[in-house]
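Chemist: To be precise about what I am sending: the file is called final11.cif and holds mmCIF, C-alpha atoms.
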```
data_entry
loop_
_atom_site.group_PDB
_atom_site.id
_atom_site.type_symbol
_atom_site.label_atom_id
_atom_site.label_comp_id
_atom_site.auth_asym_id
_atom_site.auth_seq_id
_atom_site.Cartn_x
_atom_site.Cartn_y
_atom_site.Cartn_z
ATOM 1 C CA MET A 1111 195.162 36.100 171.091
ATOM 2 C CA ALA A 1112 192.129 33.962 170.263
ATOM 3 C CA ASP A 1113 192.694 30.626 168.565
ATOM 4 C CA THR A 1114 191.791 30.545 164.884
ATOM 5 C CA ILE A 1115 190.335 27.620 162.954
ATOM 6 C CA ASP A 1116 191.487 26.747 159.458
ATOM 7 C CA ILE A 1117 188.192 26.098 157.689
ATOM 8 C CA ARG A 1118 188.532 23.448 155.000
ATOM 9 C CA PRO A 1119 187.312 24.356 151.500
ATOM 10 C CA GLY A 1120 183.920 23.208 150.243
ATOM 11 C CA PHE A 1121 182.972 22.262 146.692
ATOM 12 C CA ALA A 1122 185.209 23.608 143.936
ATOM 13 C CA ASP A 1123 182.111 24.079 141.759
ATOM 14 C CA PRO A 1124 179.188 24.402 144.208
ATOM 15 C CA VAL A 1125 176.402 24.365 141.622
ATOM 16 C CA ILE A 1126 177.569 21.339 139.617
ATOM 17 C CA GLU A 1127 178.777 19.309 142.593
ATOM 18 C CA SER A 1128 175.662 20.027 144.657
ATOM 19 C CA GLN A 1129 173.558 18.755 141.762
ATOM 20 C CA GLN A 1130 175.706 15.618 141.524
ATOM 21 C CA VAL A 1131 175.341 14.913 145.240
ATOM 22 C CA PHE A 1132 171.602 15.582 145.172
ATOM 23 C CA ARG A 1133 171.260 13.100 142.300
ATOM 24 C CA ALA A 1134 173.346 10.497 144.137
ATOM 25 C CA VAL A 1135 171.190 10.841 147.281
ATOM 26 C CA LEU A 1136 168.000 10.721 145.214
ATOM 27 C CA ASP A 1137 169.166 7.574 143.403
ATOM 28 C CA ALA A 1138 170.191 5.981 146.707
ATOM 29 C CA MET A 1139 166.751 6.658 148.203
ATOM 30 C CA ALA A 1140 164.971 5.365 145.092
ATOM 31 C CA ARG A 1141 167.085 2.180 145.006
ATOM 32 C CA PRO A 1142 167.627 1.135 148.634
ATOM 33 C CA GLY A 1143 170.943 -0.564 149.318
ATOM 34 C CA ARG A 1144 172.455 0.328 145.947
ATOM 35 C CA ILE A 1145 175.756 2.105 146.434
ATOM 36 C CA GLN A 1146 176.272 5.539 144.892
ATOM 37 C CA SER A 1147 179.309 7.832 144.992
ATOM 38 C CA VAL A 1148 179.629 11.547 145.648
ATOM 39 C CA PRO A 1149 182.226 13.671 143.816
ATOM 40 C CA ASP A 1150 185.853 13.367 144.846
ATOM 41 C CA GLY A 1151 187.924 16.315 146.019
ATOM 42 C CA LEU A 1152 186.489 17.278 149.397
ATOM 43 C CA THR A 1153 188.796 17.106 152.427
ATOM 44 C CA PRO A 1154 186.472 17.832 155.366
ATOM 45 C CA PRO A 1155 187.784 18.066 158.920
ATOM 46 C CA ALA A 1156 188.097 14.732 160.706
ATOM 47 C CA PRO A 1157 186.146 12.787 161.736
ATOM 48 C CA LEU A 1158 183.542 14.039 159.226
ATOM 49 C CA ALA A 1159 183.461 11.660 156.240
ATOM 50 C CA VAL A 1160 183.572 12.946 152.673
ATOM 51 C CA GLY A 1161 180.070 11.610 152.000
ATOM 52 C CA SER A 1162 178.668 13.264 155.128
ATOM 53 C CA ALA A 1163 180.264 16.593 154.245
ATOM 54 C CA ALA A 1164 179.007 16.387 150.654
ATOM 55 C CA PHE A 1165 175.487 15.555 151.869
ATOM 56 C CA CYS A 1166 175.442 18.652 154.085
ATOM 57 C CA LEU A 1167 176.982 20.956 151.472
ATOM 58 C CA ALA A 1168 174.316 19.908 148.961
ATOM 59 C CA LEU A 1169 171.259 19.716 151.214
ATOM 60 C CA ALA A 1170 171.738 21.694 154.437
ATOM 61 C CA ASP A 1171 171.075 25.419 154.767
ATOM 62 C CA HIS A 1172 169.872 27.935 157.351
ATOM 63 C CA ASP A 1173 166.452 26.234 157.438
ATOM 64 C CA THR A 1174 167.770 22.726 158.192
ATOM 65 C CA PRO A 1175 168.978 22.221 161.770
ATOM 66 C CA VAL A 1176 171.750 19.637 162.035
ATOM 67 C CA TRP A 1177 172.636 17.441 165.022
ATOM 68 C CA LEU A 1178 176.113 15.958 165.380
ATOM 69 C CA ALA A 1179 176.915 13.014 167.622
ATOM 70 C CA PRO A 1180 179.363 14.013 170.386
ATOM 71 C CA GLY A 1181 182.230 12.123 168.721
ATOM 72 C CA LEU A 1182 181.882 14.273 165.593
ATOM 73 C CA ARG A 1183 181.345 17.584 167.339
ATOM 74 C CA ASN A 1184 184.602 19.514 167.378
ATOM 75 C CA PRO A 1185 185.461 23.161 166.572
ATOM 76 C CA ALA A 1186 186.710 22.392 163.053
ATOM 77 C CA THR A 1187 183.606 20.397 162.083
ATOM 78 C CA LEU A 1188 181.240 22.983 163.562
ATOM 79 C CA ALA A 1189 183.052 25.815 161.769
ATOM 80 C CA PHE A 1190 183.028 23.909 158.454
ATOM 81 C CA LEU A 1191 179.273 23.308 158.549
ATOM 82 C CA ARG A 1192 178.370 26.769 159.776
ATOM 83 C CA PHE A 1193 180.573 28.499 157.202
ATOM 84 C CA HIS A 1194 179.640 26.444 154.141
ATOM 85 C CA CYS A 1195 176.015 25.540 154.957
ATOM 86 C CA GLY A 1196 174.835 28.214 157.385
ATOM 87 C CA CYS A 1197 172.924 25.482 159.194
ATOM 88 C CA PRO A 1198 172.055 25.796 162.881
ATOM 89 C CA ILE A 1199 173.688 23.099 165.030
ATOM 90 C CA VAL A 1200 171.176 21.773 167.560
ATOM 91 C CA GLU A 1201 171.792 20.056 170.879
ATOM 92 C CA GLU A 1202 168.986 17.469 170.794
ATOM 93 C CA PRO A 1203 168.503 14.760 168.123
ATOM 94 C CA GLU A 1204 164.726 15.256 167.969
ATOM 95 C CA SER A 1205 165.244 18.894 166.902
ATOM 96 C CA ALA A 1206 167.252 17.985 163.788
ATOM 97 C CA ALA A 1207 166.258 17.813 160.149
ATOM 98 C CA PHE A 1208 169.582 16.054 159.493
ATOM 99 C CA ALA A 1209 171.715 14.142 161.978
ATOM 100 C CA ILE A 1210 175.217 12.716 161.626
ATOM 101 C CA ALA A 1211 176.680 9.931 163.759
ATOM 102 C CA ASP A 1212 179.159 7.130 163.400
ATOM 103 C CA ALA A 1213 177.876 3.571 163.618
ATOM 104 C CA ALA A 1214 179.082 3.030 167.172
ATOM 105 C CA GLY A 1215 177.704 6.358 168.422
ATOM 106 C CA LEU A 1216 174.296 6.173 166.756
ATOM 107 C CA PRO A 1217 171.559 6.892 169.324
ATOM 108 C CA ALA A 1218 168.337 4.893 169.476
ATOM 109 C CA LEU A 1219 166.332 5.646 166.352
ATOM 110 C CA ASP A 1220 163.322 6.764 168.366
ATOM 111 C CA SER A 1221 165.373 9.625 169.820
ATOM 112 C CA PHE A 1222 165.088 11.431 166.475
ATOM 113 C CA ALA A 1223 162.102 13.297 165.076
ATOM 114 C CA MET A 1224 159.605 10.832 163.611
ATOM 115 C CA GLY A 1225 157.328 13.318 161.855
ATOM 116 C CA SER A 1226 153.562 13.063 162.019
ATOM 117 C CA ASP A 1227 150.820 11.598 159.874
ATOM 118 C CA ALA A 1228 150.082 15.104 158.581
ATOM 119 C CA TRP A 1229 153.751 16.084 158.175
ATOM 120 C CA PRO A 1230 155.870 12.920 157.748
ATOM 121 C CA GLU A 1231 158.561 14.919 155.959
ATOM 122 C CA THR A 1232 159.466 16.620 159.251
ATOM 123 C CA SER A 1233 161.241 13.478 160.445
ATOM 124 C CA THR A 1234 165.038 13.347 160.746
ATOM 125 C CA THR A 1235 167.255 12.000 157.988
ATOM 126 C CA VAL A 1236 170.117 10.276 159.794
ATOM 127 C CA VAL A 1237 173.551 10.041 158.153
ATOM 128 C CA VAL A 1238 175.474 7.099 159.619
ATOM 129 C CA GLN A 1239 179.228 6.904 159.038
ATOM 130 C CA VAL A 1240 180.392 3.295 158.674
ATOM 131 C CA ASP A 1241 183.685 1.575 157.926
ATOM 132 C CA ASP A 1242 182.612 -0.066 154.684
ATOM 133 C CA LEU A 1243 179.700 -0.696 152.335
ATOM 134 C CA GLN A 1244 179.381 -3.700 150.025
ATOM 135 C CA GLU A 1245 176.461 -4.896 147.874
ATOM 136 C CA ARG A 1246 176.595 -8.380 149.378
ATOM 137 C CA GLY A 1247 176.512 -9.737 152.883
ATOM 138 C CA PRO A 1248 174.174 -10.497 155.778
ATOM 139 C CA LEU A 1249 171.551 -7.769 155.401
ATOM 140 C CA ARG A 1250 168.644 -8.693 153.141
ATOM 141 C CA LEU A 1251 166.642 -5.705 151.882
ATOM 142 C CA THR A 1252 163.144 -5.848 150.405
ATOM 143 C CA GLY A 1253 160.443 -3.307 149.712
ATOM 144 C CA PRO A 1254 159.716 -0.404 147.335
ATOM 145 C CA GLY A 1255 162.519 0.256 144.855
ATOM 146 C CA ILE A 1256 163.853 -3.320 145.106
ATOM 147 C CA GLU A 1257 162.745 -5.800 142.440
ATOM 148 C CA THR A 1258 163.023 -8.926 144.616
ATOM 149 C CA ALA A 1259 165.699 -8.659 147.304
ATOM 150 C CA HIS A 1260 169.057 -6.946 147.658
ATOM 151 C CA ARG A 1261 172.024 -7.750 149.879
ATOM 152 C CA LEU A 1262 174.141 -5.256 151.784
ATOM 153 C CA SER A 1263 177.120 -5.478 154.127
ATOM 154 C CA VAL A 1264 177.501 -2.695 156.699
ATOM 155 C CA PRO A 1265 180.200 -3.669 159.225
ATOM 156 C CA GLY A 1266 180.061 -2.166 162.688
ATOM 157 C CA LEU A 1267 176.346 -1.542 163.122
ATOM 158 C CA ARG A 1268 175.506 -1.892 166.791
ATOM 159 C CA PRO A 1269 173.487 -4.848 168.105
ATOM 160 C CA GLY A 1270 169.777 -4.193 168.315
ATOM 161 C CA LEU A 1271 169.628 -1.855 165.337
ATOM 162 C CA PRO A 1272 167.706 -4.318 163.097
ATOM 163 C CA ASP A 1273 164.946 -4.530 165.737
ATOM 164 C CA GLU A 1274 164.857 -0.735 166.041
ATOM 165 C CA TRP A 1275 164.673 -0.473 162.273
ATOM 166 C CA GLU A 1276 161.682 -2.825 162.117
ATOM 167 C CA ALA A 1277 159.869 -0.721 164.729
ATOM 168 C CA ASN A 1278 160.745 2.386 162.715
ATOM 169 C CA ARG A 1279 159.423 0.831 159.490
ATOM 170 C CA LYS A 1280 156.091 0.045 161.125
ATOM 171 C CA LEU A 1281 155.579 3.756 161.862
ATOM 172 C CA PHE A 1282 155.163 4.560 158.138
ATOM 173 C CA PRO A 1283 154.413 7.204 156.903
ATOM 174 C CA CYS A 1284 156.370 8.450 159.920
ATOM 175 C CA GLY A 1285 159.866 7.318 160.846
ATOM 176 C CA VAL A 1286 163.448 8.208 160.042
ATOM 177 C CA ASP A 1287 165.414 7.492 156.869
ATOM 178 C CA LEU A 1288 169.069 6.412 157.017
ATOM 179 C CA VAL A 1289 171.894 7.403 154.674
ATOM 180 C CA LEU A 1290 174.915 5.135 155.173
ATOM 181 C CA VAL A 1291 178.297 6.691 154.358
ATOM 182 C CA ALA A 1292 181.675 5.012 153.878
ATOM 183 C CA GLY A 1293 184.160 7.558 152.578
ATOM 184 C CA ARG A 1294 182.569 8.942 149.413
ATOM 185 C CA ARG A 1295 180.253 5.937 148.970
ATOM 186 C CA ILE A 1296 176.655 6.180 150.118
ATOM 187 C CA ALA A 1297 173.630 3.890 150.341
ATOM 188 C CA ALA A 1298 170.178 4.621 151.708
ATOM 189 C CA LEU A 1299 167.641 2.813 153.835
ATOM 190 C CA PRO A 1300 164.326 4.619 153.437
ATOM 191 C CA ARG A 1301 161.744 3.995 156.139
ATOM 192 C CA THR A 1302 159.802 1.718 153.739
ATOM 193 C CA THR A 1303 162.632 -0.813 153.447
ATOM 194 C CA THR A 1304 162.437 -4.126 155.294
ATOM 195 C CA VAL A 1305 165.815 -5.345 156.601
ATOM 196 C CA THR A 1306 166.396 -8.891 157.817
ATOM 197 C CA VAL A 1307 169.654 -10.538 158.873
ATOM 198 C CA GLY A 1308 170.703 -13.917 157.554
ATOM 199 C CA ALA A 1309 173.021 -15.910 155.327
ATOM 200 C CA GLU A 1310 173.071 -15.114 151.627
ATOM 201 C CA ASP A 1311 170.633 -17.010 149.422
#
```
Would you write out, as structure tokens, the structure that this file holds?
Modeler:
Amino acid sequence: MADTIDIRPGFADPVIESQQVFRAVLDAMARPGRIQSVPDGLTPPAPLAVGSAAFCLALADHDTPVWLAPGLRNPATLAFLRFHCGCPIVEEPESAAFAIADAAGLPALDSFAMGSDAWPETSTTVVVQVDDLQERGPLRLTGPGIETAHRLSVPGLRPGLPDEWEANRKLFPCGVDLVLVAGRRIAALPRTTTVTVGAED
């Protein structure tokens, strides 16, 4: 007898909750580094975070290929996304509209689709699962959507990522956008945001 997979439920109210998540993501992108929250109630299969699952349920469909880092790719997670989103799961990061990885398993940013000058929107949005998010700490954010500067703490980001991010930012209008997820809390780093590391002012 073939093994069966118990697919976890999605949104209780798909229309309302999808709208709430879309608004949270939109606000996060418009105000880089400001922490938003997605609705409570989801219990996605581990190790998929609530915020990552909510992002996919609200934004992924059959036209948005999704790449999962190897550490997140298991039968329960694949079944959850395919059942609720209908999204194709791709094998290569550069083929993805959306990608999901944990902080330690995040590939080099230039391994994702960067878009083109004519079609910058074809770049990958990368969801990065982290241990915590706090609106204070060593990362100093400046750029569009930030009045002066904003601070953010994202424990566990791998060494070298700030340099990769600066190279990514210089590709504008191309380049990837990041959505940071800690549980049901999210914050965004659009490709226009400058990130420097240093002590708080």
Chemist: Could you check how far CA of Ala1214 (chain A) sits from CA of Ala1186 (chain A), in Å to one decimal?
Modeler: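 Interatomic distance, CA of Ala1214 (chain A) to CA of Ala1186 (chain A): 21.2 Å.
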Chemist: Using CA of Leu1219 (chain A) and CA of Ile1296 (chain A) as the two end points, give the distance in Å to one decimal.
Modeler: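 Taking CA of Leu1219 (chain A) as the start and CA of Ile1296 (chain A) as the end point, the length is 19.2 Å.
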Chemist: List every protein, DNA or RNA residue that has an atom no more than 12 Å from (162.0, -7.3, 150.5) in the file's coordinate frame, counting all atoms listed in the file, and report them as an NGL selection string.
Modeler: :A and (1142-1143 or 1249-1261 or 1302-1307)
Chemist: Mind pulling up the distance from CA of Met1139 (chain A) to CA of Leu1191 (chain A)?
Modeler: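 Answer for the CA of Leu1191 (chain A) to CA of Met1139 (chain A) separation: 23.3 Å.
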Chemist: In terms of the shortest atom-to-atom distance over all atoms listed in the file, which of A:Ser1205, A:Gln1244, A:Ser1263, A:Ser1233 is closest to Pro1300 (chain A)?
Modeler: A:Ser1233
Chemist: Would you please work out which residue, of A:Gly1196, A:Pro1119, A:Pro1155, A:Gly1161, is nearest to Arg1295 (chain A) when using only C-alpha atoms?
Modeler: A:Gly1161
Chemist: I'd like the contact shell of Gln1129 (chain A) - 10 Å cut-off, only C-alpha atoms, skipping same-chain residues fewer than 6 positions apart - returned as a PDB file with C-alpha atoms, in the frame of the given file.
Modeler:
```
ATOM      1  CA  VAL A1135     171.190  10.841 147.281  1.00  0.00           C
ATOM      2  CA  ALA A1168     174.316  19.908 148.961  1.00  0.00           C
ATOM      3  CA  LEU A1169     171.259  19.716 151.214  1.00  0.00           C
TER       4      LEU A1169
END
```
Chemist: Given the PyMOL selection byres ((chain A and resi 1131) around 8) and the file above, list the residues it selects as a list in words.
Modeler: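 That expression, the PyMOL selection byres ((chain A and resi 1131) around 8), corresponds here to Glu1127, Ser1128, Gln1129, Gln1130, Phe1132, Arg1133, Ala1134, Val1135, Val1148, Pro1149, Ala1164, Phe1165 and Ala1168 of chain A.
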Chemist: Find the spatial neighbours of region 1290-1294 of chain A, counting only C-alpha atoms, within a cut-off of 9 Å - ignore same-chain residues fewer than 4 positions away - and output them as a ChimeraX atom specification.
Modeler: /A:1146-1150,1159-1162,1164,1236-1243,1264,1298-1299
Chemist: Let me make sure I understand: among A:Thr1174, A:Leu1267, A:Glu1231, A:Asp1116, which one has the smallest atom-to-atom distance to Pro1283 (chain A) if we use all atoms listed in the file?
Modeler: A:Glu1231
Chemist: Determine, counting all atoms listed in the file, which protein, DNA and RNA residues have an atom within 12 Å of an atom of Gly1181 (chain A); residues of the same chain fewer than 2 positions away are not included. Present the result as a PyMOL selection string.
Modeler: chain A and resi 1156-1158+1177-1179+1183-1185+1187+1210-1217+1239
